[in-house]
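Participant: Pasting a structure here, questions to come.
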Amino acid sequence: MKITSKELRNEWIKFYVERGHVDVGAVSLVSDGSTGAMFNVAGMQPLMPYLLGKKHPLGTRLCNVQGCVRTNDIESIGDKNHVSFFEMMGSWSLGDYFKEERCKWSYELLTEVFKFDRDHLAATVFAGDEDAPRDEEGATFRIASGFKPENVFFLPKEDNWWGLEYGPCGPDSEMFYVKDVPACGPDCRPGCHCGKYTEIGNDVFMQYERHQDGSLTPLEKKNVDTGWGLERNLAFLNGMDDVYMTDLFAPVIAYIEKTSNVKYDTDEKNTRAMRIIADHTRTAVMLIGDAAKLLPSNTGAGYVLRRLIRRAVRYGRLLSLKTADYLNIASIYIDDVYNGSYPLLPENKDFILAELEKEINRFEATLENGMKEFKRILEAKKSEKADIIDGKSAFRLYDTFGFPLELTIEMASEEGLKVDEEGFKAASEEARALARENAAFSQKTETDVFDSLDEAVKTKYVGYEELTVNAKVVAISDGEKLVEKLGAGENGVVITDVTSFYATMGGQKGDKGVIVNGDKEVFGVEEAIKIPGERVGHVGLAKSDVKVGDTVVMKVDTKAHAATCKNHSATHLLQAALQEVLGKDVHQQGSYQDTERTRFDFTYGNAVSKENLEKIESIVNEKIAENLNVNTDVLTIEEAKKTGAMALFGEKYGDTVRVVSMGDFSKELCGGTHVKNTGDIANFKIVSEGGVAAGVRRIEALTGSNVIAYYKKLEKELDDASMAAKTQPANLADKVNSMLAEIKKLNSELESLKSKAAKAALSDVMNDVKEVKGMKVLATKVDGVDMNGLRDLGDSLKEKIGEGVVVLLSNQDGKVNMIAMATDGAVKAGAHAGNLIKGIAALVGGGGGGRPNMAQAGGKNPAGIDEAISKAFEVVESQL
């Protein structure tokens with residue numbers, strides 16, 4: 001069958017929605033860090049908490065198409081199959097249906113939707129081992145669904161088992177297409193890589209739990225995780241063995257062919273370069289245009305993005321691509337390939353292109369000199385008959401010329417040399433050490449310098465009872481090593497045997513304050529932090545000498561502490577109010593409190609309505625006004641559970657816990673600090689609500705004096721707006737509505753004048769009409785007309801010429817607007833407005849496309865308008 005990428009996505013979602021699934025949508029490509037990965041690398045990754053037992057707010061049957069990024073096999077990109085960005089089509093049962101329904105639906109999807117015939121389908125199931133039995137049930141349901149018995153294979157654990165070190169796990173069952181080619185031997189079967197079997201998708205049956213002692217027990221609620229790779233299946237369904245020939249890449253490959261004058265798939269070196277450019281640019285567009293708006297940098301995910309862009313540029317040099325070409329490629333992905341499928345891309349188009357251009361220009365600025373330096377190093381090593389580039393040279397290429405280490409390794413490999421990676425790391429560390437000597441102390445100080453302390457050195461926290469306490473200094477660090485003292489003006493971390501400072505933990509920011517010796521403040525504490533070994537570190541700046549062994553007084557900033565307590569206690573009231581208004585399925589996903597605000601993340605499938613936000617805020621303020629006592633009980637974990645206190649899912653608790661109660665309204669396990677009475681909070685104001693991930697919402701709110709400051713700021717803004725509108729605050733809404741009506745009227749008059757002026761300017765334009773292969777073609781320019789005006793003019797001119805093609809370009813405030821229109825007769829003759837626009841847009845520094853009968857685009861280079869007009873006639877001639 002023939003199918004487009006958009007049709008494939010739609011068919012997948014439609015199939016599962018018809019079977020009671022909810023489309024949960026895709027989350028950011030950049031991971032939230034909960035799994036330790038920088039990116040979401042699998043469709044199931046964002047759903048891990050729910051596969052581990054947490055209740056999903058949208059139900060037990062879910063589906064989506066999730067974008068993923070993997071760069072661990074970046075060297076393989078350049079062949080027909082590997083990509084760094086890919087889409088996983090997924091569906092899940094969370095304790096709902098199991099093997100029978102799953103096998104039945106997989107077969108229906110294969111045969112009824114995608115039209116595979118039974119004779120060419122095969123499946124694998126788990127063969128069993130000493131831990132778990134042979135999956136006869138899975139095989140039975142595969143055969144019952146329609147698979148031929150002789151095409152169901154039992155394979156061992158390395159092929160057909162999914163699981164982590166411990167937790168949910170179980171057998172999986174993969175589905176394959178059987179090609180009409182000879183078997184490679186008597187043992188030919190799925191997974192032998194001879195080419196006879198092509199994997200289509202995978203069903204994972206999570207029916208066991210592996211415990212830390214290695215034993216398996218059946219799960220009470222069994223899950224199913226189904227995943228199909230979109231790119232691979234798109235190619236396969238269209239009879240292709242090259243994903244770069246699918247509609248996801250074909251327009252970009254065609255552009256590179258035309259720009260470079262090199263044909264795809266004619267020689268291995270240039271074809272590999274084309275694939276790398278197409279893939280890496282696509283992934284860069286996706287990451288920059290993602291909800292996280294990732295930017296190139298020298299660390300973490302930003303470094304991966306930088307590496308992809310720079311690798312694309314390096315390969316682009318082989319094909320003589322310029323900066324504008326990468327931007328045009330990016331525009332093809334945004335405007336054509338993913339238009340409608342990824343709405344954030346067109347919304348963020350200007351941002352994507354600007355950031356991409358910045359990074360390319362950064363690299364281009366040093367690339368020429370860097371390549372010269374690389375060649376110099378290469379020639380020197382070859383003359384020395386060395387087979388390795390030393391680490392210092394590789395680091396110089398990185399530090400001075402912006403060459404990622406991997407790029408140097410790749411270029412060296414092409415010349416038959418290796419790179420001393422350990423030497424690179426040593427040179428990098430040497431540079432960092434030098435930078436540290438010259439840099440200010442960072443609050444993100446290393447805490448492992450305290451590992452050498454005696455285990456008996458601990459900190460007793462007494463801040464629940466008192467905020468000023470006598471203590472002894474037991475250890476000091478300057479951020480890199482243990483020291484005996486700090487002098488005035490030196491940054492460091494001080495550990496005492498007792499402290500009244502709450503250390504940052506559980507979402508609550510640590511206390512600040514001062515350490516006093518005698519009548520002198522000797523150390524300003526900017527934040528208290530947790531240090532392994534039951535210690536509290538006081539991070540800050542010495543105001544005078546502070547030494548190990550000093551007897552001191554720990555003084556918490558009481559005003560700041562009180563503000564944080566108000567925000568933390570209000571968070572408890574907020575969670576209880578959320579459950580009262582939105583339902584008991586609302587659960588905490590994260591929180592943060594400091595002196596300024598509280599932030600609370602919670603499970604909920606939809607945006608919270610304005611009406612419900614008002615109810616929630618009202619309930620919290622009611623509970624504040626009721627002056628509820630805030631009581632804390634220290635109980636065993638079992639005793640705490642019996643009280644019905646809420647606990648944070650996934651949080652590890654000790655043998656005893658603190659249960660914080662606010663009247664009968666709220667009861668939670670919490671180690672933070674709180675007000676003594678809800679009346680101390682004074683007031684509560686929600687300032688924002690929004691989504692942070694699929695099924696997760698975030699509320700930010702203020703308390704106490706911060707609410708007063710918030711309203712004062714609003715009052716000033718209202719006064720300023722009223723003054724600007726020349727009215728009183730009470731009349732501002734009416735005045736604004738009146739002004740908007742006037743603006744609308746003026747805009748309408750302006751558009752009418754523009755239209756008349758443009759039509760007047762084009763009164764004799766019919767003299768510019770040319771005959772191209774018997775077809776009338778009008779290509780001309782008019783200044784100062786926006787896109788709407790061009791469309792109106794185009795319609796008018798199309799009527800005047802009868803049958804033909806109209807191309808209009810306009811310079812409006814330094815930017816170019818352009819449209820192309822083709823009548824029905826012109827389209828039948830071969831004209832295509834969308835391809836016409838693509839053929840001329842680059843000449844004005846833009847990109848775009850559209851339908852055969854109408855297309856539009858924008859550009860940044862008005863100087864190219866005349867050339868684009870001339871080119872339009874050539875493009876039309878080539879189409880007819």
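In the structure tokens, each chain is lettered A, B, ... as it comes, each chain's residues begin at 1, and ligands are numbered from 1 in order of appearance.
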Pick out each residue of segment 380-439 of chain A that DSSP on the backbone tags as helix (DSSP H, G or I); I need them as a PyMOL selection string.
Facilitator: chain A and resi 380-383+391-401+405-414+421-438
Participant: Store the residues picked out above in a file with N, CA and C atoms, as a tab-separated table (two decimals), in the first residue's frame.
Facilitator:
```tsv
chain	number	residue	atom	x	y	z
A	380	ALA	N	51.60	16.82	10.61
A	380	ALA	CA	52.67	16.62	11.59
A	380	ALA	C	52.68	15.18	12.09
A	381	LYS	N	51.51	14.62	12.37
A	381	LYS	CA	51.43	13.25	12.88
A	381	LYS	C	51.88	12.25	11.82
A	382	LYS	N	51.46	12.51	10.56
A	382	LYS	CA	51.86	11.59	9.49
A	382	LYS	C	53.37	11.63	9.26
A	383	SER	N	53.95	12.84	9.36
A	383	SER	CA	55.41	12.94	9.18
A	383	SER	C	56.15	12.25	10.32
A	391	GLY	N	45.96	14.23	22.98
A	391	GLY	CA	44.81	14.85	23.65
A	391	GLY	C	44.87	16.36	23.69
A	392	LYS	N	46.06	16.94	23.85
A	392	LYS	CA	46.17	18.39	23.92
A	392	LYS	C	45.81	19.04	22.58
A	393	SER	N	46.21	18.39	21.47
A	393	SER	CA	45.85	18.93	20.15
A	393	SER	C	44.35	18.84	19.93
A	394	ALA	N	43.76	17.72	20.33
A	394	ALA	CA	42.31	17.55	20.19
A	394	ALA	C	41.57	18.58	21.04
A	395	PHE	N	42.09	18.85	22.24
A	395	PHE	CA	41.44	19.83	23.12
A	395	PHE	C	41.59	21.24	22.54
A	396	ARG	N	42.72	21.54	21.91
A	396	ARG	CA	42.89	22.85	21.28
A	396	ARG	C	41.85	23.04	20.17
A	397	LEU	N	41.60	22.00	19.38
A	397	LEU	CA	40.58	22.08	18.33
A	397	LEU	C	39.20	22.36	18.94
A	398	TYR	N	38.95	21.76	20.11
A	398	TYR	CA	37.67	21.96	20.80
A	398	TYR	C	37.59	23.35	21.43
A	399	ASP	N	38.62	23.72	22.16
A	399	ASP	CA	38.59	24.93	22.98
A	399	ASP	C	38.71	26.20	22.12
A	400	THR	N	39.54	26.13	21.08
A	400	THR	CA	39.81	27.32	20.27
A	400	THR	C	38.91	27.42	19.05
A	401	PHE	N	38.61	26.26	18.44
A	401	PHE	CA	37.89	26.28	17.16
A	401	PHE	C	36.49	25.66	17.23
A	405	LEU	N	34.78	16.90	20.30
A	405	LEU	CA	35.74	15.80	20.27
A	405	LEU	C	35.33	14.75	19.26
A	406	GLU	N	34.04	14.44	19.22
A	406	GLU	CA	33.56	13.40	18.32
A	406	GLU	C	33.82	13.75	16.85
A	407	LEU	N	33.77	15.04	16.52
A	407	LEU	CA	34.04	15.48	15.15
A	407	LEU	C	35.51	15.25	14.82
A	408	THR	N	36.40	15.56	15.76
A	408	THR	CA	37.83	15.32	15.55
A	408	THR	C	38.10	13.83	15.39
A	409	ILE	N	37.45	13.00	16.22
A	409	ILE	CA	37.61	11.55	16.12
A	409	ILE	C	37.17	11.06	14.75
A	410	GLU	N	36.04	11.57	14.28
A	410	GLU	CA	35.49	11.14	13.00
A	410	GLU	C	36.42	11.55	11.85
A	411	MET	N	36.91	12.79	11.86
A	411	MET	CA	37.80	13.24	10.79
A	411	MET	C	39.12	12.49	10.83
A	412	ALA	N	39.63	12.22	12.05
A	412	ALA	CA	40.88	11.47	12.18
A	412	ALA	C	40.71	10.05	11.64
A	413	SER	N	39.56	9.45	11.96
A	413	SER	CA	39.29	8.08	11.50
A	413	SER	C	39.29	8.01	9.98
A	414	GLU	N	38.77	9.05	9.33
A	414	GLU	CA	38.75	9.09	7.86
A	414	GLU	C	40.16	9.12	7.28
A	421	GLU	N	41.66	9.97	23.62
A	421	GLU	CA	40.50	10.50	24.35
A	421	GLU	C	40.82	10.75	25.81
A	422	GLU	N	41.62	9.87	26.43
A	422	GLU	CA	41.99	10.09	27.83
A	422	GLU	C	42.85	11.34	27.96
A	423	GLY	N	43.73	11.56	26.98
A	423	GLY	CA	44.56	12.77	26.98
A	423	GLY	C	43.71	14.02	26.82
A	424	PHE	N	42.63	13.91	26.00
A	424	PHE	CA	41.69	15.02	25.83
A	424	PHE	C	41.03	15.35	27.16
A	425	LYS	N	40.60	14.29	27.88
A	425	LYS	CA	39.95	14.51	29.18
A	425	LYS	C	40.91	15.17	30.16
A	426	ALA	N	42.18	14.74	30.13
A	426	ALA	CA	43.18	15.31	31.05
A	426	ALA	C	43.41	16.79	30.72
A	427	ALA	N	43.52	17.10	29.42
A	427	ALA	CA	43.71	18.51	29.02
A	427	ALA	C	42.51	19.35	29.39
A	428	SER	N	41.32	18.76	29.24
A	428	SER	CA	40.09	19.46	29.60
A	428	SER	C	40.04	19.74	31.10
A	429	GLU	N	40.42	18.76	31.89
A	429	GLU	CA	40.41	18.92	33.35
A	429	GLU	C	41.44	19.95	33.79
A	430	GLU	N	42.58	19.95	33.12
A	430	GLU	CA	43.62	20.93	33.43
A	430	GLU	C	43.11	22.35	33.17
A	431	ALA	N	42.38	22.51	32.07
A	431	ALA	CA	41.82	23.83	31.75
A	431	ALA	C	40.76	24.23	32.77
A	432	ARG	N	39.94	23.25	33.18
A	432	ARG	CA	38.91	23.55	34.19
A	432	ARG	C	39.54	23.94	35.52
A	433	ALA	N	40.62	23.25	35.89
A	433	ALA	CA	41.29	23.56	37.15
A	433	ALA	C	41.84	24.98	37.13
A	434	LEU	N	42.41	25.37	35.98
A	434	LEU	CA	42.92	26.72	35.85
A	434	LEU	C	41.80	27.74	35.96
A	435	ALA	N	40.65	27.40	35.33
A	435	ALA	CA	39.50	28.30	35.39
A	435	ALA	C	38.99	28.44	36.81
A	436	ARG	N	39.01	27.31	37.54
A	436	ARG	CA	38.52	27.36	38.93
A	436	ARG	C	39.38	28.27	39.79
A	437	GLU	N	40.68	28.28	39.52
A	437	GLU	CA	41.58	29.11	40.31
A	437	GLU	C	41.27	30.60	40.11
A	438	ASN	N	40.75	30.91	38.92
A	438	ASN	CA	40.49	32.31	38.60
A	438	ASN	C	39.02	32.70	38.73
```
Participant: What are the nearest atom pairs, with distances in Å to one decimal, for all residues of segment 525-605 of chain A that come at most 12 Å from segment 475-480 of chain A, using only C-alpha atoms, set out by chain and rising residue number as a Markdown table?
Facilitator:
```
| residue | atom | partner | partner_atom | distance |
| --- | --- | --- | --- | --- |
| A:Ile531 | CA | A:Ala475 | CA | 11.9 |
| A:Arg535 | CA | A:Ala475 | CA | 10.2 |
| A:Val536 | CA | A:Ala475 | CA | 10.6 |
| A:Gly537 | CA | A:Ile476 | CA | 8.9 |
| A:His538 | CA | A:Ile476 | CA | 9.4 |
| A:Val539 | CA | A:Gly479 | CA | 9.4 |
| A:Gly540 | CA | A:Asp478 | CA | 10.1 |
| A:Leu541 | CA | A:Asp478 | CA | 10.1 |
| A:Ala542 | CA | A:Asp478 | CA | 10.5 |
| A:Asp545 | CA | A:Ile476 | CA | 11.8 |
| A:Val546 | CA | A:Ile476 | CA | 8.8 |
| A:Lys547 | CA | A:Ile476 | CA | 7.7 |
| A:Val548 | CA | A:Ala475 | CA | 5.7 |
| A:Gly549 | CA | A:Ala475 | CA | 8.2 |
| A:Asp550 | CA | A:Ala475 | CA | 10.2 |
```
Participant: Restricted to N, CA, C and O atoms, what would the selected residues look like written as an mmCIF file, in the first residue's frame?
Facilitator:
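Listing of part21.cif after writing:
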```
data_model
loop_
_atom_site.group_PDB
_atom_site.id
_atom_site.type_symbol
_atom_site.label_atom_id
_atom_site.label_comp_id
_atom_site.auth_asym_id
_atom_site.auth_seq_id
_atom_site.Cartn_x
_atom_site.Cartn_y
_atom_site.Cartn_z
ATOM 1 N N ILE A 531 24.283 17.461 53.052
ATOM 2 C CA ILE A 531 25.553 16.838 52.692
ATOM 3 C C ILE A 531 25.512 15.394 53.167
ATOM 4 O O ILE A 531 25.062 15.123 54.297
ATOM 5 N N ARG A 535 24.819 15.426 57.434
ATOM 6 C CA ARG A 535 25.449 16.716 57.712
ATOM 7 C C ARG A 535 24.710 17.829 56.988
ATOM 8 O O ARG A 535 24.096 17.609 55.954
ATOM 9 N N VAL A 536 24.795 19.026 57.548
ATOM 10 C CA VAL A 536 24.219 20.214 56.906
ATOM 11 C C VAL A 536 25.350 21.182 56.608
ATOM 12 O O VAL A 536 26.125 21.538 57.494
ATOM 13 N N GLY A 537 25.447 21.586 55.328
ATOM 14 C CA GLY A 537 26.451 22.563 54.929
ATOM 15 C C GLY A 537 25.839 23.944 54.839
ATOM 16 O O GLY A 537 24.744 24.119 54.299
ATOM 17 N N HIS A 538 26.532 24.928 55.368
ATOM 18 C CA HIS A 538 26.076 26.321 55.325
ATOM 19 C C HIS A 538 26.928 27.038 54.289
ATOM 20 O O HIS A 538 28.117 27.285 54.501
ATOM 21 N N VAL A 539 26.334 27.331 53.117
ATOM 22 C CA VAL A 539 27.058 27.901 51.983
ATOM 23 C C VAL A 539 26.987 29.415 52.056
ATOM 24 O O VAL A 539 25.909 29.978 52.259
ATOM 25 N N GLY A 540 28.127 30.070 51.884
ATOM 26 C CA GLY A 540 28.075 31.519 51.918
ATOM 27 C C GLY A 540 29.433 32.180 51.899
ATOM 28 O O GLY A 540 30.416 31.617 51.388
ATOM 29 N N LEU A 541 29.512 33.376 52.507
ATOM 30 C CA LEU A 541 30.691 34.238 52.444
ATOM 31 C C LEU A 541 31.147 34.617 53.855
ATOM 32 O O LEU A 541 30.345 35.069 54.679
ATOM 33 N N ALA A 542 32.454 34.416 54.110
ATOM 34 C CA ALA A 542 33.009 34.798 55.417
ATOM 35 C C ALA A 542 33.095 36.312 55.527
ATOM 36 O O ALA A 542 33.571 36.985 54.612
ATOM 37 N N ASP A 545 37.219 36.115 60.134
ATOM 38 C CA ASP A 545 37.789 34.773 60.245
ATOM 39 C C ASP A 545 36.807 33.821 60.910
ATOM 40 O O ASP A 545 36.208 34.147 61.941
ATOM 41 N N VAL A 546 36.651 32.611 60.320
ATOM 42 C CA VAL A 546 35.868 31.554 60.940
ATOM 43 C C VAL A 546 36.704 30.286 60.852
ATOM 44 O O VAL A 546 37.215 29.927 59.795
ATOM 45 N N LYS A 547 36.881 29.591 62.015
ATOM 46 C CA LYS A 547 37.817 28.476 62.082
ATOM 47 C C LYS A 547 37.130 27.220 62.607
ATOM 48 O O LYS A 547 36.137 27.288 63.355
ATOM 49 N N VAL A 548 37.690 26.074 62.217
ATOM 50 C CA VAL A 548 37.248 24.802 62.788
ATOM 51 C C VAL A 548 37.511 24.841 64.289
ATOM 52 O O VAL A 548 38.591 25.228 64.745
ATOM 53 N N GLY A 549 36.521 24.463 65.072
ATOM 54 C CA GLY A 549 36.644 24.488 66.527
ATOM 55 C C GLY A 549 36.002 25.692 67.170
ATOM 56 O O GLY A 549 35.794 25.711 68.410
ATOM 57 N N ASP A 550 35.658 26.718 66.382
ATOM 58 C CA ASP A 550 35.022 27.915 66.940
ATOM 59 C C ASP A 550 33.665 27.565 67.553
ATOM 60 O O ASP A 550 32.905 26.751 67.016
#
```
Participant: When you count only C-alpha atoms, which of these residues is closest to His21 of chain A: A:Leu62, A:Leu321, A:Ala829, A:Leu8?
Facilitator: A:Leu62
Participant: Please produce, as JSON lines, a per-residue contact table for segment 251-346 of chain A versus segment 71-94 of chain A (criterion: any atom at most 7 Å away, only C-alpha atoms considered), showing the nearest atom pair and its distance in Å to one decimal, sorted by chain then residue number.
Facilitator:
```
{"residue": "A:Arg272", "atom": "CA", "partner": "A:Gly78", "partner_atom": "CA", "distance": 4.4}
{"residue": "A:Ala273", "atom": "CA", "partner": "A:Gly78", "partner_atom": "CA", "distance": 6.8}
{"residue": "A:Arg275", "atom": "CA", "partner": "A:Gly78", "partner_atom": "CA", "distance": 5.2}
{"residue": "A:Ile276", "atom": "CA", "partner": "A:Gly78", "partner_atom": "CA", "distance": 5.3}
{"residue": "A:Asp279", "atom": "CA", "partner": "A:Val83", "partner_atom": "CA", "distance": 6.1}
{"residue": "A:Thr283", "atom": "CA", "partner": "A:Phe85", "partner_atom": "CA", "distance": 5.3}
```
Participant: Could you please take those selected residues and save C-alpha atoms as a short mmCIF file (atom, residue, chain, number, x, y, z; two decimals), in the first residue's frame?
Facilitator:
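Final file, selection.cif:
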```cif
data_model
loop_
_atom_site.label_atom_id
_atom_site.label_comp_id
_atom_site.auth_asym_id
_atom_site.auth_seq_id
_atom_site.Cartn_x
_atom_site.Cartn_y
_atom_site.Cartn_z
CA ARG A 272 25.98 9.63 3.15
CA ALA A 273 26.59 13.38 3.46
CA ARG A 275 21.53 11.77 4.76
CA ILE A 276 23.56 13.23 7.62
CA ASP A 279 18.84 13.94 9.58
CA THR A 283 16.69 16.81 14.74
#
```
Participant: Atom CA of Tyr303 of chain A and atom CA of Ile253 of chain A are how many Å apart?
Facilitator: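 Calculated distance between atom CA of Tyr303 of chain A and atom CA of Ile253 of chain A is 26.1 Å.
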Participant: Compare A:Cys63, A:Leu319, A:Ala607, A:Ile288 by their minimum atom-to-atom distance to Tyr264 of chain A, counting only C-alpha atoms, and give me the closest one.
Facilitator: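 Among the listed residues, the smallest separation from Tyr264 of chain A belongs to A:Leu319.
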Participant: For Cys68 of chain A, work out the shell of residues within 12 Å, counting only C-alpha atoms and skipping chain neighbours fewer than 2 positions away, then give it as a PyMOL selection string.
Facilitator: chain A and resi 26-31+37-46+65-66+70-71+83-90+229-231+283+286-287+290
Participant: Next, write the just-selected residues to a file, as an mmCIF file, in the first residue's frame, keeping N, CA and C atoms as the atom set.
Facilitator:
```cif
data_model
loop_
_atom_site.group_PDB
_atom_site.id
_atom_site.type_symbol
_atom_site.label_atom_id
_atom_site.label_comp_id
_atom_site.auth_asym_id
_atom_site.auth_seq_id
_atom_site.Cartn_x
_atom_site.Cartn_y
_atom_site.Cartn_z
ATOM 1 N N ALA A 26 2.053 13.973 22.765
ATOM 2 C CA ALA A 26 3.496 13.813 22.972
ATOM 3 C C ALA A 26 3.996 14.805 24.013
ATOM 4 N N VAL A 27 5.059 14.420 24.708
ATOM 5 C CA VAL A 27 5.699 15.329 25.662
ATOM 6 C C VAL A 27 6.986 15.845 25.038
ATOM 7 N N SER A 28 7.669 16.713 25.747
ATOM 8 C CA SER A 28 8.908 17.312 25.258
ATOM 9 C C SER A 28 9.930 16.238 24.889
ATOM 10 N N LEU A 29 10.729 16.525 23.865
ATOM 11 C CA LEU A 29 11.823 15.627 23.489
ATOM 12 C C LEU A 29 12.901 15.609 24.562
ATOM 13 N N VAL A 30 13.013 16.707 25.314
ATOM 14 C CA VAL A 30 14.028 16.812 26.357
ATOM 15 C C VAL A 30 13.461 16.206 27.632
ATOM 16 N N SER A 31 14.158 15.217 28.167
ATOM 17 C CA SER A 31 13.661 14.485 29.331
ATOM 18 C C SER A 31 13.609 15.383 30.563
ATOM 19 N N ALA A 37 18.108 10.003 31.576
ATOM 20 C CA ALA A 37 18.423 10.256 30.171
ATOM 21 C C ALA A 37 18.215 11.730 29.843
ATOM 22 N N MET A 38 19.023 12.256 28.904
ATOM 23 C CA MET A 38 18.883 13.663 28.518
ATOM 24 C C MET A 38 17.648 13.890 27.655
ATOM 25 N N PHE A 39 17.328 12.870 26.830
ATOM 26 C CA PHE A 39 16.193 12.985 25.926
ATOM 27 C C PHE A 39 15.206 11.846 26.178
ATOM 28 N N ASN A 40 13.991 12.023 25.709
ATOM 29 C CA ASN A 40 13.067 10.897 25.685
ATOM 30 C C ASN A 40 13.488 9.996 24.537
ATOM 31 N N VAL A 41 13.924 8.773 24.892
ATOM 32 C CA VAL A 41 14.521 7.873 23.905
ATOM 33 C C VAL A 41 13.586 6.731 23.523
ATOM 34 N N ALA A 42 12.396 6.683 24.123
ATOM 35 C CA ALA A 42 11.425 5.637 23.797
ATOM 36 C C ALA A 42 10.028 6.169 24.073
ATOM 37 N N GLY A 43 9.055 5.643 23.352
ATOM 38 C CA GLY A 43 7.690 6.112 23.520
ATOM 39 C C GLY A 43 7.145 5.886 24.906
ATOM 40 N N MET A 44 7.610 4.792 25.570
ATOM 41 C CA MET A 44 7.081 4.471 26.893
ATOM 42 C C MET A 44 7.770 5.250 28.013
ATOM 43 N N GLN A 45 8.905 5.900 27.726
ATOM 44 C CA GLN A 45 9.684 6.544 28.785
ATOM 45 C C GLN A 45 8.878 7.550 29.616
ATOM 46 N N PRO A 46 8.104 8.460 28.982
ATOM 47 C CA PRO A 46 7.344 9.423 29.798
ATOM 48 C C PRO A 46 6.254 8.767 30.647
ATOM 49 N N VAL A 65 1.693 9.258 19.514
ATOM 50 C CA VAL A 65 2.872 9.198 18.659
ATOM 51 C C VAL A 65 3.879 10.133 19.310
ATOM 52 N N GLN A 66 4.966 9.565 19.827
ATOM 53 C CA GLN A 66 5.926 10.312 20.626
ATOM 54 C C GLN A 66 7.246 10.484 19.884
ATOM 55 N N ARG A 70 17.753 9.812 19.831
ATOM 56 C CA ARG A 70 18.847 8.931 20.248
ATOM 57 C C ARG A 70 20.077 9.279 19.420
ATOM 58 N N THR A 71 21.209 9.487 20.090
ATOM 59 C CA THR A 71 22.446 9.802 19.361
ATOM 60 C C THR A 71 23.581 8.859 19.752
ATOM 61 N N VAL A 83 18.488 7.068 12.104
ATOM 62 C CA VAL A 83 18.113 8.472 12.268
ATOM 63 C C VAL A 83 18.316 8.850 13.729
ATOM 64 N N SER A 84 18.510 10.135 13.999
ATOM 65 C CA SER A 84 18.691 10.573 15.393
ATOM 66 C C SER A 84 17.374 11.023 16.026
ATOM 67 N N PHE A 85 16.463 11.562 15.217
ATOM 68 C CA PHE A 85 15.102 11.838 15.687
ATOM 69 C C PHE A 85 14.178 10.826 15.027
ATOM 70 N N PHE A 86 13.294 10.237 15.827
ATOM 71 C CA PHE A 86 12.335 9.299 15.249
ATOM 72 C C PHE A 86 11.048 9.371 16.050
ATOM 73 N N GLU A 87 9.986 8.837 15.469
ATOM 74 C CA GLU A 87 8.689 8.846 16.129
ATOM 75 C C GLU A 87 8.280 7.419 16.466
ATOM 76 N N MET A 88 7.852 7.221 17.714
ATOM 77 C CA MET A 88 7.352 5.917 18.146
ATOM 78 C C MET A 88 5.834 5.979 18.261
ATOM 79 N N MET A 89 5.176 5.102 17.522
ATOM 80 C CA MET A 89 3.721 4.972 17.641
ATOM 81 C C MET A 89 3.459 3.964 18.751
ATOM 82 N N GLY A 90 2.784 4.401 19.812
ATOM 83 C CA GLY A 90 2.626 3.541 20.982
ATOM 84 C C GLY A 90 1.182 3.400 21.434
ATOM 85 N N GLY A 229 7.936 1.686 15.234
ATOM 86 C CA GLY A 229 8.696 2.826 14.738
ATOM 87 C C GLY A 229 8.069 3.390 13.477
ATOM 88 N N LEU A 230 7.756 4.708 13.486
ATOM 89 C CA LEU A 230 7.050 5.306 12.348
ATOM 90 C C LEU A 230 7.917 5.330 11.093
ATOM 91 N N GLU A 231 9.168 5.798 11.196
ATOM 92 C CA GLU A 231 10.007 5.938 10.005
ATOM 93 C C GLU A 231 10.213 4.603 9.303
ATOM 94 N N THR A 283 16.648 16.962 13.284
ATOM 95 C CA THR A 283 16.688 16.814 14.743
ATOM 96 C C THR A 283 16.921 18.163 15.415
ATOM 97 N N MET A 286 13.715 20.070 15.461
ATOM 98 C CA MET A 286 12.805 19.505 16.457
ATOM 99 C C MET A 286 13.196 19.919 17.877
ATOM 100 N N LEU A 287 14.481 19.912 18.177
ATOM 101 C CA LEU A 287 14.932 20.236 19.540
ATOM 102 C C LEU A 287 14.795 21.731 19.842
ATOM 103 N N ASP A 290 11.106 22.575 20.106
ATOM 104 C CA ASP A 290 10.409 21.806 21.132
ATOM 105 C C ASP A 290 9.894 22.734 22.235
#
```
Participant: Tell me, which residues of segment 520-647 of chain A carry DSSP strand (DSSP E or B), written as a ChimeraX atom specification?
Facilitator: /A:520-531,535-542,546-547,551-556,588-593,598-603,629-636,646
Participant: One decimal, Å: what's the distance from atom CA of Leu778 of chain A over to atom CA of Val876 of chain A, could you say?
Facilitator: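 Here the two named atoms are 10.6 Å from each other.
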Participant: Between A:Glu18, A:Asp511, A:Asp824, A:Glu534, which residue has the minimum interatomic distance to Ile495 of chain A, considering only C-alpha atoms?
Facilitator: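 Checking each candidate against Ile495 of chain A, we get A:Glu534 as the closest.
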Participant: If we count only C-alpha atoms and set the cut-off at 8 Å, which residues sit around Gly128 of chain A, ignoring sequence neighbours fewer than 4 positions away in its own chain? Please answer as a PyMOL selection string.
Facilitator: chain A and resi 132-135+156-157
